[in-house]
>>> print(open('protein.cif').read())   # mmCIF, C-alpha atoms
data_structure
loop_
_atom_site.group_PDB
_atom_site.id
_atom_site.type_symbol
_atom_site.label_atom_id
_atom_site.label_comp_id
_atom_site.auth_asym_id
_atom_site.auth_seq_id
_atom_site.Cartn_x
_atom_site.Cartn_y
_atom_site.Cartn_z
ATOM 1 C CA MET A 1 89.614 68.216 98.263
ATOM 2 C CA THR A 2 87.063 67.593 100.982
ATOM 3 C CA ASN A 3 83.434 68.564 100.688
ATOM 4 C CA ALA A 4 83.871 71.320 103.298
ATOM 5 C CA GLN A 5 86.851 72.792 101.414
ATOM 6 C CA ASN A 6 84.860 72.697 98.191
ATOM 7 C CA ARG A 7 81.969 74.576 99.840
ATOM 8 C CA GLN A 8 84.449 77.123 101.213
ATOM 9 C CA LEU A 9 85.942 77.664 97.757
ATOM 10 C CA VAL A 10 82.488 78.138 96.210
ATOM 11 C CA SER A 11 81.474 80.542 98.978
ATOM 12 C CA VAL A 12 84.670 82.572 98.643
ATOM 13 C CA SER A 13 84.343 82.865 94.879
ATOM 14 C CA ARG A 14 80.650 83.823 95.061
ATOM 15 C CA TYR A 15 81.251 86.650 97.527
ATOM 16 C CA ALA A 16 84.340 87.881 95.665
ATOM 17 C CA ASN A 17 82.466 87.756 92.355
ATOM 18 C CA ALA A 18 79.489 89.639 93.822
ATOM 19 C CA LEU A 19 81.774 92.404 95.124
ATOM 20 C CA PHE A 20 83.628 92.474 91.810
ATOM 21 C CA GLN A 21 80.413 92.788 89.775
ATOM 22 C CA LEU A 22 79.052 95.547 92.035
ATOM 23 C CA ALA A 23 82.338 97.468 91.870
ATOM 24 C CA LYS A 24 82.490 97.037 88.099
ATOM 25 C CA GLU A 25 78.892 98.213 87.707
ATOM 26 C CA ALA A 26 79.553 101.264 89.909
ATOM 27 C CA LYS A 27 82.858 101.895 88.077
ATOM 28 C CA VAL A 28 84.861 101.773 91.325
ATOM 29 C CA LEU A 29 86.993 98.671 90.700
ATOM 30 C CA ASP A 30 90.287 100.450 91.377
ATOM 31 C CA SER A 31 88.946 102.092 94.535
ATOM 32 C CA VAL A 32 87.662 98.778 95.922
ATOM 33 C CA SER A 33 90.902 97.058 94.917
ATOM 34 C CA ASN A 34 92.888 99.699 96.833
ATOM 35 C CA ASP A 35 90.559 99.289 99.828
ATOM 36 C CA LEU A 36 91.064 95.542 99.833
ATOM 37 C CA SER A 37 94.829 95.903 99.533
ATOM 38 C CA LYS A 38 94.907 98.252 102.537
ATOM 39 C CA LEU A 39 92.660 95.880 104.455
ATOM 40 C CA LYS A 40 94.862 92.875 103.623
ATOM 41 C CA VAL A 41 97.997 94.692 104.790
ATOM 42 C CA SER A 42 96.207 95.720 107.982
ATOM 43 C CA ILE A 43 95.009 92.168 108.718
ATOM 44 C CA ASN A 44 98.388 90.609 107.922
ATOM 45 C CA SER A 45 100.250 93.178 110.022
ATOM 46 C CA ASP A 46 99.187 91.579 113.297
ATOM 47 C CA VAL A 47 98.577 87.906 114.085
ATOM 48 C CA GLU A 48 96.119 88.924 116.811
ATOM 49 C CA ILE A 49 93.880 90.659 114.260
ATOM 50 C CA LEU A 50 93.771 87.495 112.174
ATOM 51 C CA LYS A 51 92.982 85.379 115.240
ATOM 52 C CA PHE A 52 90.213 87.833 116.203
ATOM 53 C CA ILE A 53 88.648 87.652 112.731
ATOM 54 C CA GLN A 54 88.847 83.866 112.531
ATOM 55 C CA ASN A 55 87.575 83.191 116.050
ATOM 56 C CA PRO A 56 83.956 81.990 115.741
ATOM 57 C CA SER A 57 83.264 82.541 119.463
ATOM 58 C CA ILE A 58 83.633 86.331 119.164
ATOM 59 C CA LYS A 59 80.261 88.028 118.717
ATOM 60 C CA LYS A 60 79.323 89.549 115.383
ATOM 61 C CA SER A 61 78.649 92.891 117.069
ATOM 62 C CA LEU A 62 82.267 93.080 118.291
ATOM 63 C CA LYS A 63 83.571 92.238 114.826
ATOM 64 C CA ILE A 64 81.305 94.865 113.269
ATOM 65 C CA LYS A 65 82.575 97.514 115.722
ATOM 66 C CA PHE A 66 86.159 96.469 115.039
ATOM 67 C CA PHE A 67 85.725 96.744 111.271
ATOM 68 C CA GLU A 68 83.900 100.071 111.589
ATOM 69 C CA THR A 69 86.986 101.413 113.362
ATOM 70 C CA VAL A 70 89.307 99.888 110.751
ATOM 71 C CA SER A 71 87.112 101.243 107.954
ATOM 72 C CA LYS A 72 87.301 104.795 109.313
ATOM 73 C CA LYS A 73 91.051 104.543 109.889
ATOM 74 C CA LEU A 74 91.729 103.187 106.388
ATOM 75 C CA GLU A 75 89.059 105.417 104.792
ATOM 76 C CA LEU A 76 87.373 102.519 103.013
ATOM 77 C CA SER A 77 84.652 103.144 100.440
ATOM 78 C CA LYS A 78 80.979 102.614 101.247
ATOM 79 C CA LEU A 79 80.831 99.526 99.001
ATOM 80 C CA THR A 80 83.802 97.883 100.736
ATOM 81 C CA ASP A 81 82.392 98.802 104.129
ATOM 82 C CA ASN A 82 79.001 97.275 103.263
ATOM 83 C CA PHE A 83 80.680 94.158 101.911
ATOM 84 C CA ILE A 84 82.595 93.625 105.157
ATOM 85 C CA GLY A 85 79.384 94.105 107.148
ATOM 86 C CA LEU A 86 77.620 91.519 104.994
ATOM 87 C CA ILE A 87 80.319 88.859 105.343
ATOM 88 C CA ILE A 88 80.343 89.389 109.118
ATOM 89 C CA ILE A 89 76.561 88.953 109.319
ATOM 90 C CA LYS A 90 76.736 85.852 107.075
ATOM 91 C CA ASN A 91 79.565 84.342 109.191
ATOM 92 C CA ARG A 92 82.040 84.438 106.298
ATOM 93 C CA VAL A 93 84.486 87.056 107.625
ATOM 94 C CA HIS A 94 87.051 84.361 108.458
ATOM 95 C CA TYR A 95 87.460 83.888 104.671
ATOM 96 C CA ILE A 96 88.163 87.569 104.023
ATOM 97 C CA LEU A 97 91.774 87.084 102.905
ATOM 98 C CA GLU A 98 90.723 84.381 100.452
ATOM 99 C CA MET A 99 87.956 86.678 99.151
ATOM 100 C CA ILE A 100 90.479 89.482 98.650
ATOM 101 C CA SER A 101 92.724 87.115 96.660
ATOM 102 C CA ALA A 102 89.771 85.919 94.571
ATOM 103 C CA PHE A 103 88.740 89.545 93.895
ATOM 104 C CA ASN A 104 92.300 90.383 92.799
ATOM 105 C CA ASP A 105 92.304 87.336 90.501
ATOM 106 C CA LEU A 106 89.093 88.561 88.860
ATOM 107 C CA LEU A 107 90.547 92.061 88.441
ATOM 108 C CA SER A 108 93.743 90.659 86.932
ATOM 109 C CA GLU A 109 91.708 88.522 84.550
ATOM 110 C CA LEU A 110 89.734 91.592 83.455
ATOM 111 C CA LYS A 111 92.988 93.462 82.803
ATOM 112 C CA GLY A 112 94.419 90.476 80.890
ATOM 113 C CA ILE A 113 97.008 89.649 83.531
ATOM 114 C CA LYS A 114 97.570 85.977 84.337
ATOM 115 C CA SER A 115 98.947 84.456 87.521
ATOM 116 C CA ALA A 116 101.898 82.104 87.617
ATOM 117 C CA THR A 117 103.354 80.169 90.520
ATOM 118 C CA ILE A 118 107.080 79.554 90.245
ATOM 119 C CA THR A 119 108.612 76.988 92.566
ATOM 120 C CA SER A 120 112.396 76.766 92.736
ATOM 121 C CA ALA A 121 114.954 74.948 94.870
ATOM 122 C CA HIS A 122 116.419 78.266 96.063
ATOM 123 C CA LYS A 123 115.310 81.896 96.245
ATOM 124 C CA LEU A 124 115.340 83.499 92.791
ATOM 125 C CA SER A 125 116.980 86.871 92.180
ATOM 126 C CA GLU A 126 115.013 89.811 90.752
ATOM 127 C CA ASP A 127 116.942 89.408 87.490
ATOM 128 C CA GLU A 128 115.980 85.724 87.220
ATOM 129 C CA VAL A 129 112.329 86.522 87.930
ATOM 130 C CA SER A 130 112.243 89.281 85.309
ATOM 131 C CA LYS A 131 113.791 86.932 82.700
ATOM 132 C CA ILE A 132 111.167 84.284 83.509
ATOM 133 C CA LYS A 133 108.408 86.932 83.222
ATOM 134 C CA ILE A 134 109.684 87.863 79.752
ATOM 135 C CA LYS A 135 109.702 84.193 78.658
ATOM 136 C CA LEU A 136 106.183 83.676 80.039
ATOM 137 C CA LYS A 137 104.943 86.832 78.301
ATOM 138 C CA ASP A 138 106.372 85.583 74.995
ATOM 139 C CA LYS A 139 104.858 82.107 75.437
ATOM 140 C CA PHE A 140 101.404 83.116 76.711
ATOM 141 C CA ASN A 141 101.117 86.613 75.180
ATOM 142 C CA SER A 142 100.076 88.096 78.534
ATOM 143 C CA ASP A 143 101.484 89.959 81.515
ATOM 144 C CA PHE A 144 101.885 87.994 84.744
ATOM 145 C CA ASN A 145 101.570 88.302 88.492
ATOM 146 C CA ILE A 146 104.219 86.000 89.898
ATOM 147 C CA ASN A 147 103.908 84.022 93.122
ATOM 148 C CA LEU A 148 107.308 82.683 94.228
ATOM 149 C CA LEU A 149 107.749 79.527 96.308
ATOM 150 C CA THR A 150 110.834 77.593 97.332
ATOM 151 C CA ASP A 151 111.069 73.812 97.702
ATOM 152 C CA SER A 152 114.533 72.407 98.370
ATOM 153 C CA SER A 153 113.363 68.904 97.395
ATOM 154 C CA LEU A 154 113.396 70.018 93.731
ATOM 155 C CA ILE A 155 117.229 69.913 93.908
ATOM 156 C CA GLY A 156 117.444 72.422 91.032
ATOM 157 C CA GLY A 157 115.428 73.809 88.135
ATOM 158 C CA LEU A 158 111.902 75.202 88.241
ATOM 159 C CA LYS A 159 108.242 74.258 88.358
ATOM 160 C CA ILE A 160 105.991 76.871 86.761
ATOM 161 C CA GLN A 161 102.221 76.654 86.984
ATOM 162 C CA VAL A 162 99.992 78.865 84.850
ATOM 163 C CA GLY A 163 96.357 77.996 85.390
ATOM 164 C CA SER A 164 96.057 74.252 84.857
ATOM 165 C CA GLN A 165 99.280 74.038 82.831
ATOM 166 C CA MET A 166 102.432 72.848 84.622
ATOM 167 C CA ILE A 167 105.954 73.272 83.272
ATOM 168 C CA ASP A 168 108.267 71.093 85.369
ATOM 169 C CA SER A 169 111.965 71.373 84.552
ATOM 170 C CA SER A 170 113.135 70.454 88.043
ATOM 171 C CA ILE A 171 115.979 68.012 88.541
ATOM 172 C CA LYS A 172 113.714 65.991 90.828
ATOM 173 C CA ASN A 173 111.207 65.539 87.981
ATOM 174 C CA GLN A 174 113.943 64.667 85.474
ATOM 175 C CA LEU A 175 115.335 62.042 87.867
ATOM 176 C CA ASN A 176 111.841 60.580 88.330
ATOM 177 C CA LEU A 177 111.380 60.397 84.535
ATOM 178 C CA LEU A 178 114.769 58.721 84.159
ATOM 179 C CA LYS A 179 113.866 56.258 86.927
ATOM 180 C CA ALA A 180 110.597 55.392 85.146
ATOM 181 C CA LYS A 181 112.407 54.830 81.821
ATOM 182 C CA MET A 182 114.953 52.587 83.514
ATOM 183 C CA LYS A 183 112.122 50.503 85.016
ATOM 184 C CA GLU A 184 110.590 50.097 81.530
ATOM 185 C CA VAL A 185 113.872 48.774 80.139
ATOM 186 C CA ALA A 186 114.481 46.353 83.032
#
>>> encode(input="protein.cif", output="structure tokens")
Amino acid sequence: MTNAQNRQLVSVSRYANALFQLAKEAKVLDSVSNDLSKLKVSINSDVEILKFIQNPSIKKSLKIKFFETVSKKLELSKLTDNFIGLIIIKNRVHYILEMISAFNDLLSELKGIKSATITSAHKLSEDEVSKIKIKLKDKFNSDFNINLLTDSSLIGGLKIQVGSQMIDSSIKNQLNLLKAKMKEVA
């Protein structure tokens, strides 16, 4: 991770944590979470909106006017509205999607819900995902938000990451382990 990426990560987490703490203190966590979800859907609905937000050459005043319009349309709370204004003024609005994700991670942590990333060689069915969720709940004694990824290079099997713990039962990994053992013998 480069120094710039590390600074970005720290900045994102600080802003998300500040919003989270203010929302928690004001007892409006669910309201702010709903606001951020609506905002995320709105931003992701159009590539041009994302380009507008991430373009550093566009004046802050134009971005503020844009978000005022979005705020009225989506009926965002005062706290969310103020937060957006602050990150525009501080030139951090281009990280808004990352801040929303970080906020949601904090909310999930508060509710005792963990995140897991499941990587498979092919798209998993709903039934397969629900069975994996049950196994994870039994193993970790927690509910999970699941992020699904596909990677055809795995050949088969799964890679499951929960926090810093990795469970790799992919065929690719098993072949690599077998290859390493064969090198030891030779």
>>> closest_residue(input="protein.cif", among="A:Leu149, A:Leu154, A:Ile58, A:Val93", to="Val12 (chain A)", atoms="only C-alpha atoms")
A:Val93
>>> resolve_selection(input="protein.cif", expression="the PyMOL selection byres ((chain A and resi 35) around 10)", output="ChimeraX atom specification")
/A:29-34,36-40,71,74-77,79-81,100
>>> closest_atom_pairs(input="protein.cif", of="region 23-114 of chain A", to="region 161-182 of chain A", cutoff="12 Å", atoms="all atoms listed in the file", output="Markdown table")
| residue | atom | partner | partner_atom | distance |
| --- | --- | --- | --- | --- |
| A:Asp105 | CA | A:Gly163 | CA | 11.4 |
| A:Glu109 | CA | A:Gly163 | CA | 11.5 |
| A:Ile113 | CA | A:Val162 | CA | 11.3 |
| A:Lys114 | CA | A:Val162 | CA | 7.5 |
>>> resolve_selection(input="protein.cif", expression="the PyMOL selection byres ((chain A and resi 60) around 10)", output="PyMOL selection string")
chain A and resi 53+56-59+61-66+85+88-91+93
>>> closest_residue(input="protein.cif", among="A:Leu106, A:Ile84, A:Val185, A:Ala116", to="Asp143 (chain A)", atoms="all atoms listed in the file")
A:Ala116
>>> axis_aligned_box(input="protein.cif", around="region 91-100 of chain A", padding_each_side="3 Å", output="lines of an AutoDock Vina configuration file")
center_x = 85.7
center_y = 86.7
center_z = 103.9
size_x = 18.2
size_y = 11.6
size_z = 16.5
>>> resolve_selection(input="protein.cif", expression="the PyMOL selection byres ((chain A and resi 16-20) around 10)", output="ChimeraX atom specification")
/A:10-15,21-26,28-29,32-33,79-80,82-83,96,98-107
>>> atom_distance(input="protein.cif", atom1="CA of Asp151 (chain A)", atom2="CA of Leu97 (chain A)")
24.0 Å
>>> atom_distance(input="protein.cif", atom1="CA of Lys159 (chain A)", atom2="CA of Thr117 (chain A)")
8.0 Å
>>> atom_distance(input="protein.cif", atom1="CA of Val41 (chain A)", atom2="CA of Leu110 (chain A)")
23.1 Å
>>> closest_residue(input="protein.cif", among="A:Ile87, A:Ile160, A:Ile134, A:Leu9", to="Ser115 (chain A)", atoms="all atoms listed in the file")
A:Ile160
>>> closest_residue(input="protein.cif", among="A:Lys73, A:Ser120, A:Gly112, A:Asp46", to="Lys137 (chain A)", atoms="all atoms listed in the file")
A:Gly112
>>> closest_residue(input="protein.cif", among="A:Ser130, A:Ser42, A:Ser125, A:Asn145", to="Lys111 (chain A)", atoms="all atoms listed in the file")
A:Asn145
